[in-house]
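Listing of work11.cif; format and content: mmCIF, C-alpha atoms.
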data_start
#
loop_
_atom_site.label_atom_id
_atom_site.label_comp_id
_atom_site.auth_asym_id
_atom_site.auth_seq_id
_atom_site.Cartn_x
_atom_site.Cartn_y
_atom_site.Cartn_z
CA MET R 281 21.70 13.22 -26.88
CA ALA R 282 21.98 12.31 -23.20
CA SER R 283 19.85 9.46 -21.90
CA VAL R 284 17.23 9.98 -19.19
CA LYS R 285 19.61 8.53 -16.60
CA GLU R 286 22.43 10.78 -17.79
CA LYS R 287 20.16 13.81 -17.66
CA SER R 288 19.19 12.85 -14.12
CA LYS R 289 22.85 12.88 -13.10
CA GLN R 290 23.41 16.19 -14.87
CA ASN R 291 20.47 17.72 -13.01
CA GLY R 292 22.02 16.64 -9.74
CA LYS R 293 19.14 14.34 -8.82
CA ALA R 294 20.53 11.38 -6.95
CA PRO R 295 18.43 8.32 -7.73
CA ALA R 296 18.59 7.00 -4.18
CA ALA R 297 20.36 7.39 -0.88
CA PRO R 298 23.75 5.67 -1.03
CA ALA R 299 23.85 2.33 0.77
CA ALA R 300 26.63 3.59 3.06
CA VAL R 301 24.38 6.40 4.27
CA ALA R 302 21.39 4.12 4.78
CA GLU R 303 23.48 1.76 6.93
CA LYS R 304 24.33 4.56 9.38
CA ILE R 305 20.69 5.21 10.26
CA GLN R 306 19.88 3.53 13.55
CA HIS R 307 16.27 2.47 14.01
CA PRO R 308 15.04 1.89 17.56
CA LYS R 309 13.86 -1.43 18.96
CA GLU R 310 10.23 -0.26 19.11
CA ARG R 311 10.22 0.45 15.38
CA TYR R 312 11.64 -2.95 14.49
CA MET R 313 9.13 -4.69 16.73
CA TYR R 314 6.28 -2.76 15.11
CA TRP R 315 7.59 -3.64 11.66
CA TYR R 316 7.76 -7.33 12.48
CA GLU R 317 4.29 -7.54 14.03
CA SER R 318 2.66 -5.31 11.42
CA MET R 319 4.12 -7.13 8.42
CA GLN R 320 3.46 -10.54 9.95
CA LEU R 321 -0.17 -9.64 10.66
CA GLN R 322 -0.63 -8.51 7.06
CA ARG R 323 1.02 -11.70 5.78
CA LYS R 324 -1.04 -14.09 7.90
CA PHE R 325 -4.25 -12.18 7.23
CA GLU R 326 -3.69 -12.38 3.49
CA GLU R 327 -2.71 -16.04 3.58
CA LYS R 328 -5.95 -16.78 5.41
CA ALA R 329 -7.92 -14.66 2.94
CA GLY R 330 -6.45 -16.66 0.07
CA GLN R 331 -7.41 -19.91 1.79
CA LEU R 332 -10.97 -18.70 2.43
CA TYR R 333 -11.28 -17.58 -1.19
CA GLY R 334 -10.43 -21.12 -2.25
CA GLN R 335 -13.25 -22.31 0.01
CA GLN R 336 -15.60 -19.82 -1.72
CA LYS R 337 -16.28 -18.01 1.53
CA ILE R 338 -14.88 -14.88 -0.11
CA ARG R 339 -16.29 -14.09 -3.54
CA GLY R 340 -15.57 -11.63 -6.33
CA PHE R 341 -12.16 -10.09 -6.88
CA CYS R 342 -9.40 -10.50 -4.32
CA HIS R 343 -5.90 -9.03 -4.69
CA LEU R 344 -3.42 -10.13 -2.03
CA TYR R 345 -0.55 -8.02 -0.66
CA ILE R 346 1.76 -10.94 0.17
CA GLY R 347 5.38 -9.88 -0.39
CA GLN R 348 4.68 -6.14 -0.41
CA GLU R 349 4.22 -5.62 3.34
CA ALA R 350 7.33 -3.43 3.73
CA CYS R 351 5.65 -0.78 1.55
CA SER R 352 2.86 -0.15 4.05
CA SER R 353 4.70 -0.75 7.35
CA GLY R 354 7.79 1.25 6.36
CA SER R 355 5.67 4.17 5.21
CA TYR R 356 3.59 4.14 8.38
CA THR R 357 6.54 4.73 10.71
CA ALA R 358 7.74 7.65 8.58
CA LEU R 359 4.44 9.57 8.77
CA THR R 360 2.05 10.90 11.42
CA LYS R 361 -1.36 9.62 12.47
CA ASP R 362 -2.97 12.70 10.89
CA ASP R 363 -1.61 12.10 7.39
CA LYS R 364 -3.99 10.69 4.79
CA TRP R 365 -3.63 7.48 2.78
CA ILE R 366 -5.23 6.37 -0.49
CA THR R 367 -4.49 3.41 -2.74
CA ALA R 368 -5.74 1.16 -5.53
CA TYR R 369 -7.54 -2.16 -5.10
CA ARG R 370 -4.69 -4.21 -3.54
CA ASP R 371 -5.82 -2.60 -0.35
CA HIS R 372 -5.98 -5.03 2.58
CA GLY R 373 -2.44 -4.47 3.88
CA ILE R 374 -2.36 -0.69 4.28
CA PRO R 375 -5.33 -0.33 6.67
CA ILE R 376 -3.97 -3.21 8.76
CA ALA R 377 -0.65 -1.35 9.02
CA LEU R 378 -2.55 1.80 10.02
CA GLY R 379 -4.38 0.02 12.83
CA SER R 380 -7.76 -0.89 11.32
CA ASP R 381 -9.58 -3.72 13.05
CA PRO R 382 -8.83 -6.93 11.11
CA LYS R 383 -12.33 -8.14 12.01
CA ALA R 384 -13.90 -5.27 10.05
CA ILE R 385 -11.65 -5.93 7.04
CA MET R 386 -12.34 -9.67 7.04
CA ALA R 387 -16.08 -9.01 7.39
CA GLU R 388 -15.88 -6.74 4.37
CA LEU R 389 -14.24 -9.52 2.37
CA PHE R 390 -17.18 -11.70 3.42
CA ALA R 391 -19.60 -8.93 2.28
CA LYS R 392 -21.04 -8.68 5.78
CA GLN R 393 -22.84 -5.75 7.41
CA THR R 394 -20.08 -5.38 10.02
CA GLY R 395 -17.45 -4.81 7.33
CA SER R 396 -15.48 -1.60 6.95
CA SER R 397 -17.77 -0.54 4.08
CA LYS R 398 -20.88 -2.25 5.49
CA GLY R 399 -20.33 -5.21 3.18
CA LYS R 400 -21.05 -3.13 0.09
CA GLY R 401 -17.50 -2.55 -1.12
CA GLY R 402 -15.78 -5.90 -0.84
CA SER R 403 -12.09 -6.57 -1.29
CA MET R 404 -11.36 -3.65 -3.59
CA HIS R 405 -13.07 -0.97 -1.50
CA ILE R 406 -11.78 -1.15 2.05
CA PHE R 407 -12.24 2.21 3.81
CA ASP R 408 -11.54 3.40 7.35
CA LYS R 409 -11.91 7.06 8.22
CA SER R 410 -10.81 6.42 11.82
CA VAL R 411 -7.23 5.76 10.66
CA ASN R 412 -7.34 8.29 7.77
CA PHE R 413 -7.45 5.56 5.13
CA ILE R 414 -9.39 7.14 2.27
CA GLY R 415 -9.95 3.84 0.63
CA GLY R 416 -9.02 1.36 -2.01
CA HIS R 417 -10.20 2.28 -5.50
CA GLY R 418 -11.07 -0.10 -8.31
CA ILE R 419 -10.61 2.14 -11.35
CA VAL R 420 -6.96 2.01 -12.40
CA GLY R 421 -5.28 5.33 -11.64
CA ALA R 422 -8.44 7.06 -10.42
CA GLN R 423 -7.00 7.49 -6.93
CA ILE R 424 -4.01 9.51 -8.19
CA PRO R 425 -5.81 12.85 -8.79
CA MET R 426 -7.93 12.12 -5.70
CA GLY R 427 -4.74 11.91 -3.64
CA ALA R 428 -3.63 15.25 -5.07
CA GLY R 429 -7.04 16.67 -4.19
CA ILE R 430 -6.76 15.44 -0.60
CA ALA R 431 -3.33 17.07 -0.40
CA PHE R 432 -4.82 20.31 -1.75
CA THR R 433 -7.35 20.22 1.09
CA GLU R 434 -4.59 19.80 3.66
CA LYS R 435 -2.65 22.73 2.20
CA TYR R 436 -5.75 24.90 1.94
CA ASN R 437 -6.59 24.24 5.60
CA LYS R 438 -2.94 24.78 6.66
CA THR R 439 -2.85 21.50 8.60
CA ASN R 440 0.79 20.56 7.89
CA ASN R 441 -0.49 17.08 6.99
CA LEU R 442 0.14 15.28 3.72
CA CYS R 443 -1.43 12.58 1.59
CA ILE R 444 0.49 9.49 0.52
CA THR R 445 -0.97 8.14 -2.71
CA PHE R 446 -0.23 4.57 -3.79
CA MET R 447 -0.66 3.08 -7.26
CA GLY R 448 0.39 0.00 -9.18
CA ASP R 449 2.91 0.05 -12.02
CA GLY R 450 0.12 -0.29 -14.57
CA ALA R 451 -1.46 2.97 -13.38
CA VAL R 452 1.50 5.10 -14.51
CA ARG R 453 0.22 4.64 -18.09
CA GLN R 454 -2.92 6.62 -17.24
CA GLY R 455 -3.24 10.22 -18.31
CA ALA R 456 -4.64 11.10 -14.89
CA LEU R 457 -1.17 10.60 -13.42
CA HIS R 458 0.37 13.24 -15.66
CA GLU R 459 -2.43 15.72 -15.05
CA ALA R 460 -2.08 15.20 -11.28
CA PHE R 461 1.72 15.47 -11.40
CA ASN R 462 1.53 18.77 -13.27
CA MET R 463 -0.97 20.35 -10.88
CA ALA R 464 0.72 18.97 -7.78
CA MET R 465 4.03 20.55 -8.78
CA LEU R 466 2.41 23.78 -9.93
CA TRP R 467 0.69 24.23 -6.55
CA LYS R 468 3.44 22.51 -4.49
CA LEU R 469 0.94 20.15 -2.90
CA PRO R 470 1.96 18.06 0.14
CA VAL R 471 1.58 14.68 -1.57
CA ILE R 472 3.84 11.66 -1.83
CA PHE R 473 3.10 9.64 -4.97
CA VAL R 474 4.17 6.01 -4.64
CA VAL R 475 4.20 3.43 -7.41
CA GLU R 476 4.37 -0.09 -5.97
CA ASN R 477 6.28 -1.58 -8.87
CA ASN R 478 5.94 -5.34 -8.43
CA GLY R 479 7.04 -5.89 -12.00
CA TYR R 480 3.70 -6.80 -13.55
CA ALA R 481 0.53 -4.93 -14.45
CA MET R 482 -1.78 -7.93 -14.09
CA GLY R 483 0.22 -10.39 -16.22
CA THR R 484 2.14 -7.91 -18.35
CA SER R 485 5.68 -6.94 -17.39
CA VAL R 486 6.83 -3.32 -17.27
CA GLU R 487 9.34 -4.07 -20.06
CA ARG R 488 6.48 -4.99 -22.43
CA THR R 489 4.47 -1.83 -21.80
CA SER R 490 6.94 1.02 -21.66
CA ASN R 491 10.16 2.30 -23.13
CA VAL R 492 10.82 3.82 -19.70
CA THR R 493 11.39 1.02 -17.20
CA ASP R 494 12.90 3.19 -14.45
CA LEU R 495 9.47 4.49 -13.51
CA TYR R 496 10.70 7.11 -11.05
CA THR R 497 12.20 9.07 -13.97
CA LEU R 498 8.71 9.91 -15.23
CA ALA R 499 8.61 12.65 -12.61
CA GLU R 500 11.55 14.45 -14.22
CA ALA R 501 9.24 15.93 -16.87
CA TYR R 502 7.65 17.95 -14.06
CA ASP R 503 10.86 18.70 -12.09
CA MET R 504 9.42 16.57 -9.31
CA PRO R 505 11.93 14.99 -6.91
CA SER R 506 11.94 11.22 -7.34
CA GLU R 507 13.93 8.13 -6.48
CA PRO R 508 13.83 4.34 -6.67
CA VAL R 509 13.45 2.48 -3.37
CA ASP R 510 14.34 -1.09 -2.49
CA ALA R 511 10.90 -1.91 -1.07
CA MET R 512 11.95 -5.39 0.01
CA SER R 513 13.74 -3.43 2.77
CA VAL R 514 11.41 -1.83 5.29
CA GLU R 515 14.25 0.41 6.45
CA ALA R 516 14.76 1.79 2.93
CA VAL R 517 11.03 2.49 2.63
CA HIS R 518 10.93 4.32 5.95
CA GLU R 519 13.93 6.47 5.05
CA ALA R 520 12.67 7.41 1.57
CA VAL R 521 9.21 8.33 2.83
CA SER R 522 10.77 10.33 5.68
CA ARG R 523 12.75 12.41 3.18
CA ALA R 524 9.66 12.96 1.02
CA ALA R 525 7.53 13.91 4.03
CA GLU R 526 10.10 16.44 5.17
CA ARG R 527 9.99 18.12 1.76
CA ALA R 528 6.20 18.14 1.72
CA ARG R 529 5.88 19.69 5.17
CA ALA R 530 8.49 22.31 4.26
CA GLY R 531 6.26 23.49 1.43
CA GLU R 532 8.48 22.05 -1.30
CA GLY R 533 5.71 20.00 -2.89
CA PRO R 534 5.37 16.39 -4.04
CA THR R 535 7.77 13.49 -4.44
CA PHE R 536 7.46 10.42 -6.64
CA LEU R 537 8.83 7.20 -5.13
CA GLU R 538 9.20 3.97 -7.07
CA PHE R 539 8.86 1.15 -4.53
CA ARG R 540 10.56 -1.81 -6.18
CA THR R 541 8.70 -4.67 -4.59
CA TYR R 542 7.29 -8.07 -5.55
CA ARG R 543 4.06 -9.97 -5.03
CA TYR R 544 4.42 -13.67 -4.33
CA ARG R 545 0.88 -14.48 -5.42
CA GLY R 546 -0.89 -13.71 -8.69
CA HIS R 547 -2.41 -10.40 -9.63
CA SER R 548 -5.68 -11.71 -8.26
CA MET R 549 -6.91 -15.08 -7.07
CA SER R 550 -7.86 -16.04 -10.64
CA ASP R 551 -4.34 -15.47 -11.99
CA PRO R 552 -2.55 -18.67 -13.17
CA GLN R 553 0.80 -16.77 -13.20
CA LYS R 554 2.05 -18.30 -16.46
CA TYR R 555 3.97 -15.12 -17.29
CA ARG R 556 6.74 -15.74 -14.73
CA SER R 557 8.82 -18.65 -13.51
CA LYS R 558 8.84 -20.28 -10.09
CA GLU R 559 12.56 -19.54 -9.95
CA GLU R 560 11.86 -15.81 -10.24
CA VAL R 561 9.40 -15.92 -7.36
CA GLU R 562 11.81 -17.91 -5.19
CA LYS R 563 14.60 -15.42 -5.90
CA TYR R 564 12.53 -12.62 -4.41
CA LYS R 565 11.46 -14.74 -1.46
CA MET R 566 15.15 -15.02 -0.56
CA ARG R 567 14.91 -11.27 0.21
CA ASP R 568 11.63 -11.48 2.10
CA PRO R 569 11.13 -8.27 4.13
CA ILE R 570 9.74 -10.09 7.18
CA GLU R 571 12.66 -12.49 7.33
CA GLN R 572 15.09 -9.58 6.97
CA VAL R 573 13.52 -7.75 9.91
CA LYS R 574 13.40 -10.93 11.96
CA ALA R 575 17.12 -11.51 11.37
CA THR R 576 17.93 -7.93 12.42
CA ILE R 577 15.84 -8.22 15.60
CA LEU R 578 17.63 -11.40 16.61
CA GLU R 579 21.05 -10.06 15.66
CA LYS R 580 20.58 -6.89 17.71
CA GLY R 581 19.09 -8.76 20.64
CA PHE R 582 15.82 -6.83 20.51
CA ALA R 583 13.90 -10.08 21.06
CA THR R 584 14.41 -13.83 21.21
CA GLU R 585 13.00 -16.57 19.00
CA ASP R 586 10.53 -17.34 21.79
CA ASP R 587 9.42 -13.69 21.88
CA LEU R 588 8.80 -13.69 18.12
CA ASN R 589 7.00 -17.04 18.30
CA ALA R 590 4.72 -15.52 20.95
CA ILE R 591 3.95 -12.64 18.59
CA ASP R 592 3.20 -15.13 15.82
CA GLN R 593 0.78 -16.98 18.09
CA LYS R 594 -0.94 -13.72 19.03
CA ILE R 595 -1.30 -12.86 15.35
CA LYS R 596 -2.77 -16.29 14.61
CA GLY R 597 -5.36 -15.62 17.28
CA ILE R 598 -6.20 -12.21 15.82
CA VAL R 599 -6.67 -13.67 12.34
CA ASP R 600 -8.74 -16.61 13.62
CA GLU R 601 -10.91 -14.18 15.59
CA SER R 602 -11.45 -12.06 12.47
CA VAL R 603 -12.66 -15.10 10.54
CA LYS R 604 -15.04 -16.14 13.33
CA PHE R 605 -16.39 -12.59 13.51
CA ALA R 606 -16.93 -12.44 9.75
CA GLU R 607 -18.62 -15.83 9.58
CA GLU R 608 -21.00 -14.98 12.42
CA SER R 609 -21.87 -11.49 11.16
CA PRO R 610 -25.10 -10.88 9.20
CA TYR R 611 -25.32 -9.91 5.56
CA PRO R 612 -26.60 -6.38 4.84
CA ALA R 613 -30.37 -6.00 4.79
CA PRO R 614 -31.85 -5.40 1.30
CA GLU R 615 -32.68 -1.78 2.13
CA GLU R 616 -28.96 -1.07 2.66
CA ALA R 617 -28.68 -0.91 -1.13
CA PHE R 618 -30.43 2.47 -0.99
CA LYS R 619 -28.26 3.93 1.78
CA ASP R 620 -24.95 5.82 1.48
CA VAL R 621 -25.71 6.66 -2.15
CA TYR R 622 -25.75 10.40 -1.43
CA MET R 623 -24.30 12.29 1.51
CA GLN R 624 -27.71 13.87 2.11
CA ALA R 625 -29.62 11.03 3.73
CA ASP R 626 -33.07 12.08 2.41
CA TYR R 627 -31.94 13.06 -1.10
CA PRO R 628 -34.85 12.12 -3.44
CA PHE R 629 -32.91 9.96 -5.89
CA LEU R 630 -35.77 7.46 -6.08
CA MET R 631 -38.78 8.93 -7.88
CA GLU R 632 -42.18 7.31 -7.36
#
Let me see the structure of the file written as structure tokens.
Amino acid sequence: MASVKEKSKQNGKAPAAPAAVAEKIQHPKERYMYWYESMQLQRKFEEKAGQLYGQQKIRGFCHLYIGQEACSSGSYTALTKDDKWITAYRDHGIPIALGSDPKAIMAELFAKQTGSSKGKGGSMHIFDKSVNFIGGHGIVGAQIPMGAGIAFTEKYNKTNNLCITFMGDGAVRQGALHEAFNMAMLWKLPVIFVVENNGYAMGTSVERTSNVTDLYTLAEAYDMPSEPVDAMSVEAVHEAVSRAAERARAGEGPTFLEFRTYRYRGHSMSDPQKYRSKEEVEKYKMRDPIEQVKATILEKGFATEDDLNAIDQKIKGIVDESVKFAEESPYPAPEEAFKDVYMQADYPFLME
């Protein structure tokens, strides 16, 4: 009997764009400069958030995006401002890439009234309608059928927009994924499913949880186009999402992309990371997406070291300003606990 990989070849499904093809794609200076600034802002924001968590200024759960910045920034440049985004609870980086105000995100981490969810969502529930970010979601895999539902809305309204739906590698074990995949293919919904495979579901490696370690092949059961993506390369991410978006807008339905990425920090701030070696982490840092983009910018003469240092200083100012804003903002008033529970403002959910 042929293996899954052999069947994939027999079905004519190429697992990824050949490297020779990818090298021919020329990305403009403006795109590289966006990638550098966007990924660097996410990195510095998250590093500061980790520091503030250690100072107990940020409480509760906190899942950092450090190392995975190419996933958000590369996807952003491949889509339009009207497309919708939804993800799990490692959700600080994506809204920053989309243009959310870092002050509002930091204030949310501080549980302040000026936060993106009025201080009531915290780290795992960032939300920003103004940039079409439909939120971070704390229940593992719950956002997958929601992403399909958002895509259904776009198709129903004939908008030509799509929904890109992110999940962690642990979420592919949820039944909701398979239900969503089946319906999305049946109705040819304009959705891009993305698994950010950083190798570990909390502290458990993919190899310990599944016989199928090439996660993109799970889509083959539904005849859904799929491919693995080197998500330490922002160019590879952009190109894969561009191909998937083109299919979605042409009415050809969903795509499943396996972003092979890596997080440099633990699953959350409470993770001692005893399940992996320091050598493994350092190996991935040698392929850091920000350093790769920086090297390309310098090599192509798009900017100088001084230009990039100026961007870094600007980003430091933005992050420092976000912290000052969060620290000086008020906590929600007690009565805020009774607001935003129902869409109808005067819904009588409290009975005297």
Exercise. Can you turn the PyMOL selection byres ((chain R and resi 475) around 8) into a concrete residue list for this file, as a VMD selection string?
Key: chain R and resid 446 to 449 452 473 to 474 476 to 477 536 to 539
Quiz item: So which residues touch region 392-407 of chain R within 9 Å, counting all atoms listed in the file, skipping near sequence neighbours fewer than 3 positions away, as an MDAnalysis selection string?
Solution: chainID R and resid 338:343 368:372 375 380:381 383:389 412:418 605:607 609:613 616:617
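For the residues R:Ala511, R:Ile366, R:Ile376, R:Ala358, ranking by smallest atom-to-atom distance to Gly427 (chain R) using all atoms listed in the file places R:Ile366 first.
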Residues within 10 Å of Arg311 (chain R), all atoms listed in the file, excluding chain neighbours under 2 positions, as a CSV table (one decimal) with C-alpha atoms, in the coordinates of the input:
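Dumped everything to around25.csv:
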chain,number,residue,atom,x,y,z
R,307,HIS,CA,16.3,2.5,14.0
R,308,PRO,CA,15.0,1.9,17.6
R,309,LYS,CA,13.9,-1.4,19.0
R,313,MET,CA,9.1,-4.7,16.7
R,314,TYR,CA,6.3,-2.8,15.1
R,315,TRP,CA,7.6,-3.6,11.7
R,316,TYR,CA,7.8,-7.3,12.5
R,353,SER,CA,4.7,-0.8,7.4
R,354,GLY,CA,7.8,1.2,6.4
R,357,THR,CA,6.5,4.7,10.7
R,515,GLU,CA,14.2,0.4,6.4
Quiz item: Quick one: residues within 7 Å of Ala350 (chain R), all atoms listed in the file counted, chain neighbours fewer than 5 positions away excluded, as an NGL selection string?
Solution: :R and (319 or 511-514 or 569)
Quiz item: From the list R:Tyr627, R:Tyr333, R:Trp365, R:Tyr496, which residue is nearest Met549 (chain R) when using all atoms listed in the file?
Solution: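 Using all atoms listed in the file, Met549 (chain R) sits closest to R:Tyr333.
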Practice problem: Starting from the shown file, work through the PyMOL selection byres ((chain R and resi 579-583) around 12) and note down what comes out as a list in words. | Solution: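 Taken on the displayed file, the PyMOL selection byres ((chain R and resi 579-583) around 12) yields the residues Gln306, His307, Pro308, Lys309, Glu310, Arg311, Tyr312, Met313, Tyr314, Tyr316, Gln572, Val573, Lys574, Ala575, Thr576, Ile577, Leu578, Thr584, Glu585, Asp586, Asp587, Leu588, Asn589, Ala590 and Ile591 of chain R.
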Keeping C-alpha atoms, export the residues of the selection given above as a PDB file, in the frame of the given file.
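Listed below is the output, part31.pdb:
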ATOM      1  CA  GLN R 306      19.880   3.530  13.550  1.00  0.00           C
ATOM      2  CA  HIS R 307      16.270   2.470  14.010  1.00  0.00           C
ATOM      3  CA  PRO R 308      15.040   1.890  17.560  1.00  0.00           C
ATOM      4  CA  LYS R 309      13.860  -1.430  18.960  1.00  0.00           C
ATOM      5  CA  GLU R 310      10.230  -0.260  19.110  1.00  0.00           C
ATOM      6  CA  ARG R 311      10.220   0.450  15.380  1.00  0.00           C
ATOM      7  CA  TYR R 312      11.640  -2.950  14.490  1.00  0.00           C
ATOM      8  CA  MET R 313       9.130  -4.690  16.730  1.00  0.00           C
ATOM      9  CA  TYR R 314       6.280  -2.760  15.110  1.00  0.00           C
ATOM     10  CA  TYR R 316       7.760  -7.330  12.480  1.00  0.00           C
ATOM     11  CA  GLN R 572      15.090  -9.580   6.970  1.00  0.00           C
ATOM     12  CA  VAL R 573      13.520  -7.750   9.910  1.00  0.00           C
ATOM     13  CA  LYS R 574      13.400 -10.930  11.960  1.00  0.00           C
ATOM     14  CA  ALA R 575      17.120 -11.510  11.370  1.00  0.00           C
ATOM     15  CA  THR R 576      17.930  -7.930  12.420  1.00  0.00           C
ATOM     16  CA  ILE R 577      15.840  -8.220  15.600  1.00  0.00           C
ATOM     17  CA  LEU R 578      17.630 -11.400  16.610  1.00  0.00           C
ATOM     18  CA  THR R 584      14.410 -13.830  21.210  1.00  0.00           C
ATOM     19  CA  GLU R 585      13.000 -16.570  19.000  1.00  0.00           C
ATOM     20  CA  ASP R 586      10.530 -17.340  21.790  1.00  0.00           C
ATOM     21  CA  ASP R 587       9.420 -13.690  21.880  1.00  0.00           C
ATOM     22  CA  LEU R 588       8.800 -13.690  18.120  1.00  0.00           C
ATOM     23  CA  ASN R 589       7.000 -17.040  18.300  1.00  0.00           C
ATOM     24  CA  ALA R 590       4.720 -15.520  20.950  1.00  0.00           C
ATOM     25  CA  ILE R 591       3.950 -12.640  18.590  1.00  0.00           C
TER      26      ILE R 591
END
Self-check item: CA of Lys554 (chain R) to CA of Thr484 (chain R), straight-line distance in Å
Solution: 10.6 Å
Quiz item: Between CA of Lys328 (chain R) and CA of Glu559 (chain R), what is the spacing in Å?
Solution: 24.2 Å
Exercise. For CA of Ser318 (chain R) and CA of Gln593 (chain R), determine how far apart the two atoms are, in Å to one decimal place.
Key: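 So the two atoms, CA of Ser318 (chain R) and CA of Gln593 (chain R), lie 13.6 Å apart.
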Practice problem: Please check which residues have atoms at most 9 Å from (-5.8, -13.6, -10.7) in the file's coordinates, counting only C-alpha atoms, and write them as a PyMOL selection string. | Solution: chain R and resi 341-343+482-483+545-553
